[in-house]
Every structure is written in C-alpha cells, then in structure tokens.
$ cat data.cif   # mmCIF, C-alpha atoms and all ligand atoms
data_protein
#
loop_
_atom_site.label_atom_id
_atom_site.label_comp_id
_atom_site.auth_asym_id
_atom_site.auth_seq_id
_atom_site.Cartn_x
_atom_site.Cartn_y
_atom_site.Cartn_z
CA MET A 1 0.00 0.00 0.00
CA VAL A 2 1.34 3.47 -0.87
CA GLU A 3 1.97 6.25 1.64
CA THR A 4 1.05 9.78 0.61
CA GLU A 5 1.23 13.15 2.25
CA GLU A 6 -2.42 13.10 3.13
CA SER A 7 -2.44 9.62 4.62
CA ILE A 8 -2.64 9.36 8.36
CA GLU A 9 -2.20 6.16 10.35
CA ILE A 10 -4.46 5.54 13.30
CA ALA A 11 -3.38 2.80 15.69
CA PHE A 12 -6.09 0.54 17.06
CA SER A 13 -5.36 -2.44 19.29
CA GLU A 14 -5.53 -4.92 16.42
CA LYS A 15 -3.89 -2.88 13.65
CA ARG A 16 -2.93 0.47 12.23
CA VAL A 17 -5.52 1.82 9.83
CA LYS A 18 -4.49 4.21 7.02
CA TYR A 19 -6.83 7.12 6.36
CA PHE A 20 -6.39 8.66 2.89
CA PHE A 21 -8.02 12.07 3.07
CA ASN A 22 -8.69 14.00 -0.15
CA HIS A 23 -8.00 11.07 -2.44
CA PRO A 24 -9.94 10.32 -5.60
CA LEU A 25 -11.66 6.97 -5.96
CA SER A 26 -9.25 6.27 -8.84
CA ALA A 27 -6.39 6.09 -6.30
CA LEU A 28 -7.81 2.74 -5.23
CA HIS A 29 -5.73 1.15 -7.98
CA GLN A 30 -2.60 2.16 -6.08
CA LEU A 31 -3.84 0.91 -2.71
CA THR A 32 -4.74 -2.65 -3.65
CA ASP A 33 -3.89 -5.00 -6.49
CA PRO A 34 -6.71 -4.33 -9.01
CA LEU A 35 -6.56 -7.90 -10.29
CA ASN A 36 -7.12 -9.23 -6.81
CA THR A 37 -9.70 -6.76 -5.49
CA VAL A 38 -13.45 -7.10 -5.32
CA VAL A 39 -15.44 -3.91 -4.83
CA ILE A 40 -18.79 -4.18 -3.07
CA THR A 41 -21.22 -1.34 -3.72
CA ASP A 42 -24.96 -0.71 -4.11
CA ASP A 43 -27.12 -0.28 -7.21
CA ASN A 44 -27.66 3.49 -6.69
CA LEU A 45 -23.93 4.12 -6.66
CA VAL A 46 -23.24 2.07 -9.75
CA SER A 47 -25.73 4.08 -11.77
CA LEU A 48 -24.46 7.42 -10.43
CA HIS A 49 -20.75 6.53 -10.63
CA PRO A 50 -20.30 4.24 -13.65
CA GLU A 51 -16.50 4.35 -13.19
CA LEU A 52 -17.10 1.71 -10.50
CA ARG A 53 -17.61 -0.76 -13.33
CA ASN A 54 -13.84 -0.66 -13.89
CA HIS A 55 -13.53 -2.96 -10.89
CA GLN A 56 -14.48 -6.56 -10.23
CA LEU A 57 -17.83 -5.70 -8.73
CA ILE A 58 -20.46 -7.09 -6.41
CA VAL A 59 -23.58 -4.92 -6.47
CA ILE A 60 -26.08 -5.21 -3.63
CA PRO A 61 -29.53 -3.60 -3.57
CA ALA A 62 -29.50 -0.21 -1.79
CA GLY A 63 -31.26 0.28 1.52
CA GLU A 64 -31.25 -0.75 5.16
CA GLN A 65 -33.81 -3.50 4.43
CA HIS A 66 -31.06 -5.37 2.58
CA LYS A 67 -28.57 -5.27 5.46
CA GLN A 68 -29.49 -8.89 6.15
CA GLN A 69 -27.91 -12.35 6.10
CA VAL A 70 -29.43 -13.13 2.69
CA THR A 71 -27.31 -10.34 1.16
CA VAL A 72 -24.19 -11.67 2.91
CA ASP A 73 -24.94 -15.13 1.47
CA ASP A 74 -25.17 -13.60 -1.99
CA ILE A 75 -21.89 -11.69 -1.52
CA ILE A 76 -20.17 -14.87 -0.38
CA SER A 77 -21.33 -16.89 -3.36
CA GLN A 78 -20.10 -14.11 -5.67
CA LEU A 79 -16.72 -14.07 -3.87
CA ILE A 80 -16.52 -17.81 -4.51
CA ASN A 81 -17.34 -17.19 -8.20
CA PHE A 82 -14.52 -14.63 -8.33
CA GLU A 83 -12.28 -17.37 -6.81
CA ALA A 84 -11.44 -14.99 -3.96
CA THR A 85 -8.68 -16.30 -1.71
CA ARG A 86 -7.10 -15.00 1.49
CA GLN A 87 -4.97 -12.73 -0.71
CA THR A 88 -8.05 -11.01 -2.17
CA TRP A 89 -8.95 -7.49 -1.10
CA VAL A 90 -12.55 -6.50 -0.45
CA VAL A 91 -13.37 -2.80 -0.75
CA GLY A 92 -16.77 -1.45 0.34
CA VAL A 93 -17.70 1.65 -1.67
CA GLY A 94 -20.91 3.16 -0.38
CA GLY A 95 -22.89 4.46 2.55
CA GLY A 96 -23.04 2.89 5.99
CA VAL A 97 -25.13 -0.03 4.79
CA VAL A 98 -22.49 -1.03 2.25
CA THR A 99 -19.53 -0.48 4.58
CA ASP A 100 -21.20 -2.40 7.45
CA ILE A 101 -22.09 -5.37 5.26
CA ALA A 102 -18.88 -5.39 3.18
CA GLY A 103 -16.75 -5.28 6.33
CA TYR A 104 -18.79 -8.11 7.81
CA ALA A 105 -18.69 -10.30 4.70
CA ALA A 106 -14.93 -9.71 4.39
CA SER A 107 -14.50 -10.64 8.06
CA VAL A 108 -16.31 -13.97 7.84
CA TYR A 109 -15.29 -15.15 4.34
CA MET A 110 -12.38 -17.60 4.82
CA ARG A 111 -12.23 -16.31 8.42
CA GLY A 112 -11.21 -12.87 7.26
CA LEU A 113 -9.93 -11.09 4.16
CA ARG A 114 -8.18 -7.75 4.16
CA TYR A 115 -10.62 -4.98 3.41
CA GLY A 116 -10.86 -1.23 2.96
CA PHE A 117 -13.63 1.34 2.68
CA VAL A 118 -14.50 4.23 0.40
CA PRO A 119 -17.41 5.82 2.29
CA THR A 120 -19.74 7.79 0.01
CA THR A 121 -22.24 9.43 2.38
CA VAL A 122 -21.49 12.14 4.91
CA LEU A 123 -22.67 9.76 7.61
CA ALA A 124 -20.34 7.00 6.47
CA GLN A 125 -17.35 9.38 6.15
CA VAL A 126 -17.75 10.81 9.65
CA ASP A 127 -19.16 7.78 11.42
CA ALA A 128 -20.09 4.39 9.93
CA ALA A 129 -16.79 3.61 8.17
CA ILE A 130 -14.80 4.41 11.30
CA GLY A 131 -14.25 2.22 14.31
CA GLY A 132 -14.33 -1.33 13.00
CA LYS A 133 -17.92 -2.20 13.89
CA ASN A 134 -19.29 -4.26 11.01
CA GLY A 135 -22.49 -6.16 10.86
CA ILE A 136 -26.02 -6.74 9.73
CA ASP A 137 -29.57 -6.63 11.03
CA ALA A 138 -31.63 -9.73 11.78
CA GLY A 139 -35.16 -8.88 10.69
CA LEU A 140 -36.06 -5.75 12.61
CA TYR A 141 -33.21 -6.09 15.13
CA LYS A 142 -30.64 -3.54 14.02
CA ASN A 143 -26.93 -4.38 14.04
CA ILE A 144 -27.56 -7.42 16.21
CA ILE A 145 -25.05 -9.60 14.30
CA GLY A 146 -21.51 -8.44 13.78
CA VAL A 147 -17.83 -8.22 14.57
CA ILE A 148 -15.38 -5.55 15.63
CA ARG A 149 -12.53 -5.73 13.11
CA GLN A 150 -10.67 -2.78 11.63
CA PRO A 151 -10.25 -2.14 7.89
CA GLU A 152 -6.75 -1.73 6.41
CA PHE A 153 -7.61 1.68 4.98
CA ILE A 154 -10.33 4.27 4.49
CA LEU A 155 -10.20 6.45 1.38
CA PHE A 156 -12.10 9.75 1.55
CA ASP A 157 -13.17 11.11 -1.83
CA HIS A 158 -15.28 14.17 -1.00
CA GLU A 159 -16.24 14.56 -4.69
CA LEU A 160 -18.39 11.44 -4.42
CA LEU A 161 -20.68 13.32 -2.04
CA GLN A 162 -21.79 15.65 -4.83
CA THR A 163 -24.44 13.16 -5.99
CA LEU A 164 -25.84 12.71 -2.49
CA PRO A 165 -29.53 13.68 -2.10
CA ASP A 166 -30.40 16.58 0.26
CA GLU A 167 -31.87 14.31 2.93
CA GLN A 168 -28.63 12.33 3.16
CA TRP A 169 -26.59 15.50 3.66
CA ILE A 170 -28.90 16.52 6.51
CA ASN A 171 -28.70 13.02 8.01
CA GLY A 172 -24.92 13.14 8.07
CA PHE A 173 -24.87 16.56 9.64
CA ALA A 174 -26.89 15.26 12.60
CA GLU A 175 -23.84 13.13 13.52
CA ILE A 176 -21.47 16.05 12.94
CA ILE A 177 -23.53 18.26 15.26
CA LYS A 178 -23.54 15.39 17.76
CA HIS A 179 -19.75 15.18 17.67
CA ALA A 180 -19.43 18.92 18.22
CA ALA A 181 -21.97 18.90 21.07
CA ILE A 182 -20.30 16.09 23.00
CA ALA A 183 -16.64 16.90 22.49
CA ASP A 184 -15.68 19.86 20.32
CA ALA A 185 -16.94 23.33 21.29
CA GLU A 186 -14.74 24.94 18.63
CA MET A 187 -16.32 22.84 15.88
CA PHE A 188 -19.73 23.80 17.25
CA GLU A 189 -18.79 27.44 16.71
CA MET A 190 -17.68 26.61 13.15
CA LEU A 191 -21.08 25.04 12.52
CA GLU A 192 -22.77 28.15 13.91
CA ALA A 193 -20.72 30.35 11.63
CA HIS A 194 -21.55 28.39 8.45
CA THR A 195 -24.51 26.81 6.71
CA LEU A 196 -25.05 23.44 5.07
CA GLN A 197 -24.89 25.22 1.72
CA ASP A 198 -21.42 26.61 2.62
CA TYR A 199 -20.16 23.08 3.21
CA ARG A 200 -21.82 21.73 0.07
CA THR A 201 -20.26 24.36 -2.14
CA ASN A 202 -16.82 24.84 -0.57
CA PRO A 203 -14.75 21.64 -1.02
CA ALA A 204 -11.90 22.80 1.25
CA LEU A 205 -14.28 23.69 4.08
CA LEU A 206 -16.09 20.35 3.70
CA ALA A 207 -12.83 18.38 3.57
CA GLU A 208 -11.65 20.04 6.78
CA LEU A 209 -14.94 19.30 8.54
CA ILE A 210 -15.01 15.65 7.44
CA GLN A 211 -11.41 15.11 8.50
CA ARG A 212 -12.02 16.71 11.89
CA ASN A 213 -15.03 14.47 12.48
CA ALA A 214 -13.33 11.31 11.25
CA LEU A 215 -10.44 11.97 13.63
CA LEU A 216 -12.76 12.88 16.51
CA LYS A 217 -14.63 9.59 16.18
CA SER A 218 -11.34 7.69 15.79
CA ASP A 219 -10.06 9.27 18.98
CA PHE A 220 -13.11 8.04 20.92
CA VAL A 221 -12.69 4.56 19.44
CA GLN A 222 -8.95 4.45 20.13
CA ARG A 223 -9.54 5.30 23.77
CA ASP A 224 -12.32 2.72 24.16
CA GLU A 225 -12.41 0.26 21.27
CA PHE A 226 -14.79 -2.19 22.89
CA GLU A 227 -17.24 0.43 24.21
CA LYS A 228 -16.68 0.00 27.92
CA GLY A 229 -16.77 3.72 28.73
CA ASP A 230 -16.11 6.90 26.80
CA ARG A 231 -17.12 5.55 23.36
CA LYS A 232 -20.67 5.39 24.70
CA LYS A 233 -20.74 9.18 24.52
CA LEU A 234 -21.06 8.80 20.73
CA ASN A 235 -24.57 7.55 21.52
CA PHE A 236 -25.68 11.06 22.51
CA GLY A 237 -29.25 11.44 21.21
CA HIS A 238 -29.36 7.82 20.08
CA THR A 239 -31.14 6.15 23.02
CA LEU A 240 -34.33 8.11 22.56
CA GLY A 241 -33.53 8.62 18.88
CA HIS A 242 -33.65 4.90 18.11
CA ALA A 243 -37.00 4.61 19.88
CA VAL A 244 -38.66 7.34 17.78
CA GLU A 245 -36.83 6.20 14.62
CA ASN A 246 -38.44 2.77 14.88
CA LEU A 247 -41.84 4.01 16.06
CA TYR A 248 -42.32 6.71 13.45
CA SER A 249 -40.03 5.50 10.62
CA LEU A 250 -38.00 8.69 10.78
CA PRO A 251 -34.73 9.10 8.87
CA HIS A 252 -31.90 8.28 11.27
CA GLY A 253 -30.51 11.82 11.46
CA PHE A 254 -33.96 13.27 12.14
CA ALA A 255 -34.52 10.81 14.96
CA VAL A 256 -31.09 11.53 16.45
CA SER A 257 -31.88 15.24 16.32
CA ILE A 258 -35.09 14.70 18.32
CA GLY A 259 -33.09 12.49 20.69
CA MET A 260 -30.40 15.15 21.15
CA VAL A 261 -33.02 17.80 21.99
CA ALA A 262 -34.58 15.48 24.59
CA ALA A 263 -31.18 14.60 26.08
CA ALA A 264 -30.24 18.30 26.20
CA SER A 265 -33.49 19.11 27.97
CA LEU A 266 -32.85 16.32 30.49
CA SER A 267 -29.31 17.69 30.89
CA MET A 268 -30.69 21.07 31.99
CA ARG A 269 -32.41 19.31 34.92
CA ARG A 270 -29.58 16.97 35.82
CA THR A 271 -26.22 18.58 35.04
CA GLY A 272 -26.95 22.28 34.98
CA PHE A 273 -26.52 22.40 31.18
CA PRO A 274 -27.19 26.12 30.57
CA GLN A 275 -30.37 27.28 28.84
CA SER A 276 -28.20 29.43 26.56
CA ASP A 277 -26.33 26.31 25.33
CA TYR A 278 -29.66 24.51 24.87
CA ASP A 279 -30.85 27.40 22.69
CA ARG A 280 -27.63 27.24 20.65
CA LEU A 281 -28.12 23.50 20.05
CA ILE A 282 -31.72 24.05 18.90
CA ALA A 283 -30.61 26.85 16.57
CA VAL A 284 -27.84 24.76 14.97
CA LEU A 285 -30.08 21.72 14.48
CA LYS A 286 -32.78 23.86 12.88
CA GLY A 287 -30.20 25.69 10.80
CA TYR A 288 -29.00 22.41 9.29
CA GLY A 289 -32.56 21.34 8.42
CA LEU A 290 -33.12 18.97 11.32
CA PRO A 291 -36.36 18.68 13.32
CA VAL A 292 -36.34 19.70 16.99
CA ASP A 293 -39.79 18.53 18.07
CA LEU A 294 -42.07 15.65 17.41
CA GLU A 295 -45.64 14.74 18.21
CA ALA A 296 -45.22 11.34 19.76
CA ASP A 297 -46.84 8.95 22.19
CA GLY A 298 -44.70 9.07 25.34
CA THR A 299 -45.98 5.70 26.56
CA GLU A 300 -45.01 3.98 23.32
CA VAL A 301 -41.60 5.70 23.31
CA MET A 302 -41.03 4.50 26.85
CA LYS A 303 -41.96 0.91 25.95
CA LEU A 304 -39.17 0.87 23.38
CA LEU A 305 -36.72 2.64 25.68
CA LYS A 306 -37.17 -0.13 28.23
CA MET A 307 -35.94 -2.61 25.60
CA ASP A 308 -32.75 -0.59 25.08
CA LYS A 309 -29.46 -2.54 25.06
CA LYS A 310 -28.06 0.03 27.50
CA ARG A 311 -30.61 -0.78 30.19
CA VAL A 312 -29.19 -2.38 33.33
CA SER A 313 -31.95 -3.52 35.75
CA ASP A 314 -34.04 -0.41 36.45
CA GLN A 315 -31.62 2.17 35.04
CA ILE A 316 -30.68 3.29 31.55
CA SER A 317 -27.38 4.99 30.77
CA VAL A 318 -28.04 8.28 29.04
CA ILE A 319 -25.48 10.68 27.57
CA LEU A 320 -26.00 14.20 28.87
CA LEU A 321 -24.22 17.49 28.26
CA ASN A 322 -22.49 19.58 30.90
CA ARG A 323 -22.05 22.31 28.34
CA ILE A 324 -21.57 22.47 24.56
CA GLY A 325 -18.44 20.38 23.88
CA GLU A 326 -18.53 18.40 27.13
CA SER A 327 -20.60 15.30 27.83
CA VAL A 328 -21.14 12.86 30.66
CA ILE A 329 -22.68 9.39 31.01
CA GLN A 330 -25.37 9.11 33.69
CA PRO A 331 -27.45 6.10 34.72
CA ILE A 332 -31.02 7.35 35.05
CA PRO A 333 -33.84 5.44 36.77
CA VAL A 334 -36.47 4.16 34.35
CA THR A 335 -39.18 5.83 36.47
CA GLU A 336 -37.56 9.24 36.00
CA LEU A 337 -37.30 8.67 32.23
CA GLU A 338 -40.93 7.57 32.18
CA ALA A 339 -42.02 10.82 33.82
CA PHE A 340 -39.79 12.80 31.46
CA CYS A 341 -41.16 11.08 28.32
CA THR A 342 -44.77 11.57 29.43
CA GLU A 343 -44.10 15.24 30.05
CA THR A 344 -42.11 15.78 26.84
CA PHE A 345 -44.21 13.86 24.37
CA ASN A 346 -47.74 13.85 25.74
CA SER A 347 -48.04 17.61 26.18
N1 LIG B 401 -20.51 0.69 11.88
C1 LIG B 401 -20.78 1.81 12.53
O1 LIG B 401 -20.06 2.20 13.46
C2 LIG B 401 -21.98 2.60 12.14
C3 LIG B 401 -22.17 3.90 12.63
C4 LIG B 401 -23.25 4.63 12.19
C5 LIG B 401 -24.15 4.07 11.29
N2 LIG B 401 -23.96 2.80 10.82
C6 LIG B 401 -24.87 2.20 9.85
O2 LIG B 401 -24.86 2.99 8.68
C7 LIG B 401 -26.10 2.81 8.00
C8 LIG B 401 -26.59 4.14 7.55
O3 LIG B 401 -25.62 4.70 6.68
P1 LIG B 401 -26.02 5.70 5.51
O4 LIG B 401 -26.86 6.77 6.05
O5 LIG B 401 -24.78 6.05 4.79
O6 LIG B 401 -27.04 4.81 4.65
P2 LIG B 401 -26.99 4.06 3.25
O7 LIG B 401 -25.78 3.28 3.05
O8 LIG B 401 -28.30 3.35 3.16
O9 LIG B 401 -26.98 5.27 2.21
C9 LIG B 401 -28.10 6.11 2.12
C10 LIG B 401 -28.59 6.21 0.68
O10 LIG B 401 -27.69 7.02 -0.06
C11 LIG B 401 -27.30 6.36 -1.25
N3 LIG B 401 -25.93 6.84 -1.54
C12 LIG B 401 -24.80 6.50 -0.93
N4 LIG B 401 -23.78 7.23 -1.40
C13 LIG B 401 -24.29 8.04 -2.35
C14 LIG B 401 -23.75 9.05 -3.18
N5 LIG B 401 -22.46 9.40 -3.11
N6 LIG B 401 -24.57 9.66 -4.05
C15 LIG B 401 -25.90 9.34 -4.10
N7 LIG B 401 -26.48 8.43 -3.33
C16 LIG B 401 -25.68 7.78 -2.46
C17 LIG B 401 -27.40 4.89 -0.94
O11 LIG B 401 -27.56 4.13 -2.13
C18 LIG B 401 -28.65 4.87 -0.07
O12 LIG B 401 -29.80 4.87 -0.87
C19 LIG B 401 -27.02 2.12 8.97
O13 LIG B 401 -27.18 0.77 8.58
C20 LIG B 401 -26.31 2.19 10.30
O14 LIG B 401 -26.59 1.11 11.15
C21 LIG B 401 -22.88 2.08 11.22
#

$ encode --input "data.cif" --output "structure tokens"
Amino acid sequence: MVETEESIEIAFSEKRVKYFFNHPLSALHQLTDPLNTVVITDDNLVSLHPELRNHQLIVIPAGEQHKQQVTVDDIISQLINFEATRQTWVVGVGGGVVTDIAGYAASVYMRGLRYGFVPTTVLAQVDAAIGGKNGIDAGLYKNIIGVIRQPEFILFDHELLQTLPDEQWINGFAEIIKHAAIADAEMFEMLEAHTLQDYRTNPALLAELIQRNALLKSDFVQRDEFEKGDRKKLNFGHTLGHAVENLYSLPHGFAVSIGMVAAASLSMRRTGFPQSDYDRLIAVLKGYGLPVDLEADGTEVMKLLKMDKKRVSDQISVILLNRIGESVIQPIPVTELEAFCTETFNS
C-alpha cells in the first residue's frame, strides 16, 4: 500500500488503519492489487458513478432493508465465483449499509480477508466507516449480528458526495452536530458560523470538517475500542432517537436530532446544562434542516426505551451534556425517564 502526504495512520489495538483524506476513488488502484480486489457497492452508486464498473464488482440492492444475512450469502457466493482467496482485497464503496455489510462479509469469508472502505455518504465518512464495527440486522433487530474488526484503509473522496440527495446531507450533519456537542466546542462554533450550503459548495471547508469528524470519532474509538466507557458518549441522542426512529419510521438523522433535543433538555435538569447552550443547540439543528420537536406517544416511546441494550436492571445509561463540547454518562432510573417522556411527548 502506498503512503502519501495526506495519509494518516491511526493505531487501534488490532492494527494500524491508514486514512487517505482527499483522495480520488481512482487512487484505489494504487492501494490494492486491481486484479485481486473485489469492490462491493450498491445499485444506486453504480448508476451514479459508472466508473465503479472498472472494478471486479459485487452490487447489492440499496437500503437498510437489505442489510441482512441473505445479502451476505449472496456476496459470499459471488466471492466464490470470483475465486477470492485469502490474498483477495474487499473494498466497500458506499454508505453505511455497504460499509457495514462489506466489512462483515470480508471478516467472515475464509475467516477474514483484508478490506478497505471508500465511504460515500457524509454519515459514512464521519461515522459508519470508522471504528471497525461491522455487521447486519436480523429482521427488525438492528446491528444485532456483527464483529469488531478494523479495515486496512479508508479512502475519503469528497467529490463522491456531490451526488448525495439533500436528505442524506442533513442526516450526516446530525452526527457532525452530535460530535461537536459532546466533544468539540470549537467545531460547534464553526457550525454556527456556516450553513449546510457553505459546506456543500466549498470543497476545502467540507474536507476540513469531514477530517475533523473522522479523527474525533477515531479518537473516541482508540480510547475505548470495545465500548466500555467513553465511546458510549457517541450515543448522545441515540437512546431516545432509536425509539422514535423505529416508532415513526423517521430518517436516522432526524430521529437523532429529536433524541439530542430530549437529552439536552434532560441535561438542563440533571447537570446544569445552561439554557443558553440549549438554545444554541436548537438553533444549529434547525439551521441544518433537522427537526427539533415531534408529536409522539410518550408511553409507546417509553416501551421501546425499556428494551434498550443500554438498560441495566431499572436504570438506563443516558449521555448528557455539561455544556456544549462536554458530555457525561449518567445512569437514570427508568421511572424518571418515564415521567420525562410523558411530560415531553404527551403535552
Ligand atoms: N458501523 C458503525 O459504526 C456505524 C455507525 C453509524 C451508522 N452505521 C450504519 O450505517 C447505516 C446508515 O448509513 P447511511 O446513512 O450512509 O445509509 P446508506 O448506506 O443506506 O446510504 C443512504 C442512501 O444514499 C445512497 N448513496 C450512498 N452514497 C451516495 C452518493 N455518493 N450519491 C448518491 N447516493 C448515495 C445509498 O444508495 C442509499 O440509498 C445504517 O445501517 C447504520 O446502522 C454504522
């Protein structure tokens, strides 16, 4: 694999992962042996980026509903048809669905092939491709099957984002705002000073933001690869977010936005998170096109919350903010959350 000026190595416990920022997709030819590489992507990407056809290709149907074992089975039979061996590279080119499933298939085929990612959504560039969590859903149970295994490299081609639909940009920015809120007050100020349109039209500004977020997430993962402590902070807004996402079929970023507002409101009661910071969070979320309220059934939300993986007996760990840029993990009694949900959603 080549080293370039814009490649950075991040050391995880199992291996060092190379991040190639600002590299075109065509640089893939220099990173892996093209004759021994299989690219996995989805059908949307192949039609939008026909240059992908220059690779040995496995195309999966786009969408979360296909992040299932049946798609892995299909990938594996195609790898067999390609006569893939332990020397073969797998490269996932796509959003989080593609990277999750490609990383998983590469990890189980012949007990593990080397693999890399070219994330093509904002969400995948700042979040899904980073950290080594790969996996699939089982029916409605999200990410319930999987492994933690790092890729060899991640190549960031910001140009690929130009074909991304508006909703996917907004989705990705929910995670960026989350990163800023939990750990990077300076980035929060940058987000306040700019608009989504600024980032969409200024490649240098976008590249800087993506890199900052990719490194921020990597830092959390490096410190806590197996999610025993600090990495949990990346779940800010996700506990309640997942509940409303499933209940009301909201786009992930929209649900996380609602979840962040609820967690920020709970923070005001529990940590002294200032009202002025709460107002700033609301303003940034709205500014980037994200919803900040939802008509929901608090009892139904609570039913789902009680099923949360993070529940331990009668408490659920929730990520709260002390202030913008500083977060804390607090176990909260289910009864308190019940009262909070009833008040927040049934009013
Ligand atoms: N492994 C992790 O740590 C982690 C973290 C966060 C999210 N995830 C997973 O990521 C998934 C969500 O990722 P996502 O939002 O990227 O979804 P996605 O992969 O479904 O992509 C969203 C849509 O955008 C399309 N698309 C992708 N790139 C495009 C481009 N450049 N131009 C035009 N269209 C494009 C896709 O075909 C798809 O229709 C979920 O399955 C989630 O569980 C994983």

$ residues_near_ligand --input "data.cif" --ligand "ligand LIG 401 (chain B)" --cutoff "7 Å" --atoms "all atoms listed in the file" --output "ChimeraX atom specification"
/A:42-45,48,62-64,67,94-98,100,120-124,127-134,142-143,160-165,168,171-172

$ write_last_selection --input "data.cif" --atoms "C-alpha atoms" --output "mmCIF file, in the frame of the given file"
data_model
loop_
_atom_site.group_PDB
_atom_site.id
_atom_site.type_symbol
_atom_site.label_atom_id
_atom_site.label_comp_id
_atom_site.auth_asym_id
_atom_site.auth_seq_id
_atom_site.Cartn_x
_atom_site.Cartn_y
_atom_site.Cartn_z
ATOM 1 C CA ASP A 42 -24.960 -0.710 -4.110
ATOM 2 C CA ASP A 43 -27.120 -0.280 -7.210
ATOM 3 C CA ASN A 44 -27.660 3.490 -6.690
ATOM 4 C CA LEU A 45 -23.930 4.120 -6.660
ATOM 5 C CA LEU A 48 -24.460 7.420 -10.430
ATOM 6 C CA ALA A 62 -29.500 -0.210 -1.790
ATOM 7 C CA GLY A 63 -31.260 0.280 1.520
ATOM 8 C CA GLU A 64 -31.250 -0.750 5.160
ATOM 9 C CA LYS A 67 -28.570 -5.270 5.460
ATOM 10 C CA GLY A 94 -20.910 3.160 -0.380
ATOM 11 C CA GLY A 95 -22.890 4.460 2.550
ATOM 12 C CA GLY A 96 -23.040 2.890 5.990
ATOM 13 C CA VAL A 97 -25.130 -0.030 4.790
ATOM 14 C CA VAL A 98 -22.490 -1.030 2.250
ATOM 15 C CA ASP A 100 -21.200 -2.400 7.450
ATOM 16 C CA THR A 120 -19.740 7.790 0.010
ATOM 17 C CA THR A 121 -22.240 9.430 2.380
ATOM 18 C CA VAL A 122 -21.490 12.140 4.910
ATOM 19 C CA LEU A 123 -22.670 9.760 7.610
ATOM 20 C CA ALA A 124 -20.340 7.000 6.470
ATOM 21 C CA ASP A 127 -19.160 7.780 11.420
ATOM 22 C CA ALA A 128 -20.090 4.390 9.930
ATOM 23 C CA ALA A 129 -16.790 3.610 8.170
ATOM 24 C CA ILE A 130 -14.800 4.410 11.300
ATOM 25 C CA GLY A 131 -14.250 2.220 14.310
ATOM 26 C CA GLY A 132 -14.330 -1.330 13.000
ATOM 27 C CA LYS A 133 -17.920 -2.200 13.890
ATOM 28 C CA ASN A 134 -19.290 -4.260 11.010
ATOM 29 C CA LYS A 142 -30.640 -3.540 14.020
ATOM 30 C CA ASN A 143 -26.930 -4.380 14.040
ATOM 31 C CA LEU A 160 -18.390 11.440 -4.420
ATOM 32 C CA LEU A 161 -20.680 13.320 -2.040
ATOM 33 C CA GLN A 162 -21.790 15.650 -4.830
ATOM 34 C CA THR A 163 -24.440 13.160 -5.990
ATOM 35 C CA LEU A 164 -25.840 12.710 -2.490
ATOM 36 C CA PRO A 165 -29.530 13.680 -2.100
ATOM 37 C CA GLN A 168 -28.630 12.330 3.160
ATOM 38 C CA ASN A 171 -28.700 13.020 8.010
ATOM 39 C CA GLY A 172 -24.920 13.140 8.070
#

$ closest_residue --input "data.cif" --among "A:Arg111, A:Arg270, A:His252, A:Arg280" --to "Ile332 in chain A" --atoms "only C-alpha atoms"
A:Arg270

$ atom_distance --input "data.cif" --atom1 "CA of Leu266 in chain A" --atom2 "CA of Ile210 in chain A"
29.2 Å

$ closest_residue --input "data.cif" --among "A:Val38, A:Ala264, A:Ala102, A:Ile60" --to "Asn81 in chain A" --atoms "only C-alpha atoms"
A:Val38

$ closest_residue --input "data.cif" --among "A:Gly237, A:Gly325, A:Pro291, A:Gly298" --to "Asp277 in chain A" --atoms "all atoms listed in the file"
A:Gly325

$ residues_around --input "data.cif" --residues "Ala183 in chain A" --least-positions-apart "6" --cutoff "9 Å" --atoms "all atoms listed in the file" --output "PDB file with C-alpha atoms, in the coordinates of the input"
ATOM      1  CA  LEU A 216     -12.760  12.880  16.510  1.00  0.00           C
ATOM      2  CA  LYS A 233     -20.740   9.180  24.520  1.00  0.00           C
ATOM      3  CA  ILE A 324     -21.570  22.470  24.560  1.00  0.00           C
ATOM      4  CA  GLY A 325     -18.440  20.380  23.880  1.00  0.00           C
ATOM      5  CA  GLU A 326     -18.530  18.400  27.130  1.00  0.00           C
ATOM      6  CA  SER A 327     -20.600  15.300  27.830  1.00  0.00           C
TER       7      SER A 327
END

$ atom_distance --input "data.cif" --atom1 "CA of Ile75 in chain A" --atom2 "CA of Asp166 in chain A"
29.6 Å

$ atom_distance --input "data.cif" --atom1 "CA of Gln56 in chain A" --atom2 "CA of Leu155 in chain A"
18.0 Å

$ closest_residue --input "data.cif" --among "A:Phe12, A:Phe117, A:Trp169, A:Tyr248" --to "Ile154 in chain A" --atoms "all atoms listed in the file"
A:Phe117

$ closest_residue --input "data.cif" --among "A:Asn202, A:Gln315, A:Gln211, A:Thr344" --to "Ser7 in chain A" --atoms "all atoms listed in the file"
A:Gln211

$ residues_around --input "data.cif" --residues "range 191-195 of chain A" --least-positions-apart "3" --cutoff "10 Å" --atoms "only C-alpha atoms" --output "PyMOL selection string"
chain A and resi 173+176-177+180+185-188+198-200+205+209+280-281+283-285+287-289

$ residues_near_point --input "data.cif" --point "(-24.1, -11.7, -3.0)" --cutoff "10 Å" --atoms "only C-alpha atoms" --output "ChimeraX atom specification"
/A:40,58-61,69-80,105

$ closest_residue --input "data.cif" --among "A:Asn22, A:Asn213, A:Thr88, A:Ser265" --to "Ile319 in chain A" --atoms "all atoms listed in the file"
A:Ser265

$ residues_near_point --input "data.cif" --point "(-20.9, 9.1, 32.0)" --cutoff "12 Å" --atoms "only C-alpha atoms" --output "list of chain:residue names"
A:Ile182, A:Lys228, A:Gly229, A:Asp230, A:Arg231, A:Lys232, A:Lys233, A:Leu234, A:Asn235, A:Phe236, A:Thr271, A:Ile316, A:Ser317, A:Val318, A:Ile319, A:Leu320, A:Leu321, A:Asn322, A:Glu326, A:Ser327, A:Val328, A:Ile329, A:Gln330, A:Pro331, A:Ile332

$ residues_around --input "data.cif" --residues "Phe254 in chain A" --least-positions-apart "2" --cutoff "8 Å" --atoms "only C-alpha atoms" --output "PyMOL selection string"
chain A and resi 171+174+250-252+256-258+290-291

$ axis_aligned_box --input "data.cif" --around "range 323-330 of chain A" --padding-each-side "8 Å" --output "AutoDock Vina command-line options"
--center_x -21.9 --center_y 15.8 --center_z 28.8 --size_x 22.9 --size_y 29.4 --size_z 25.8
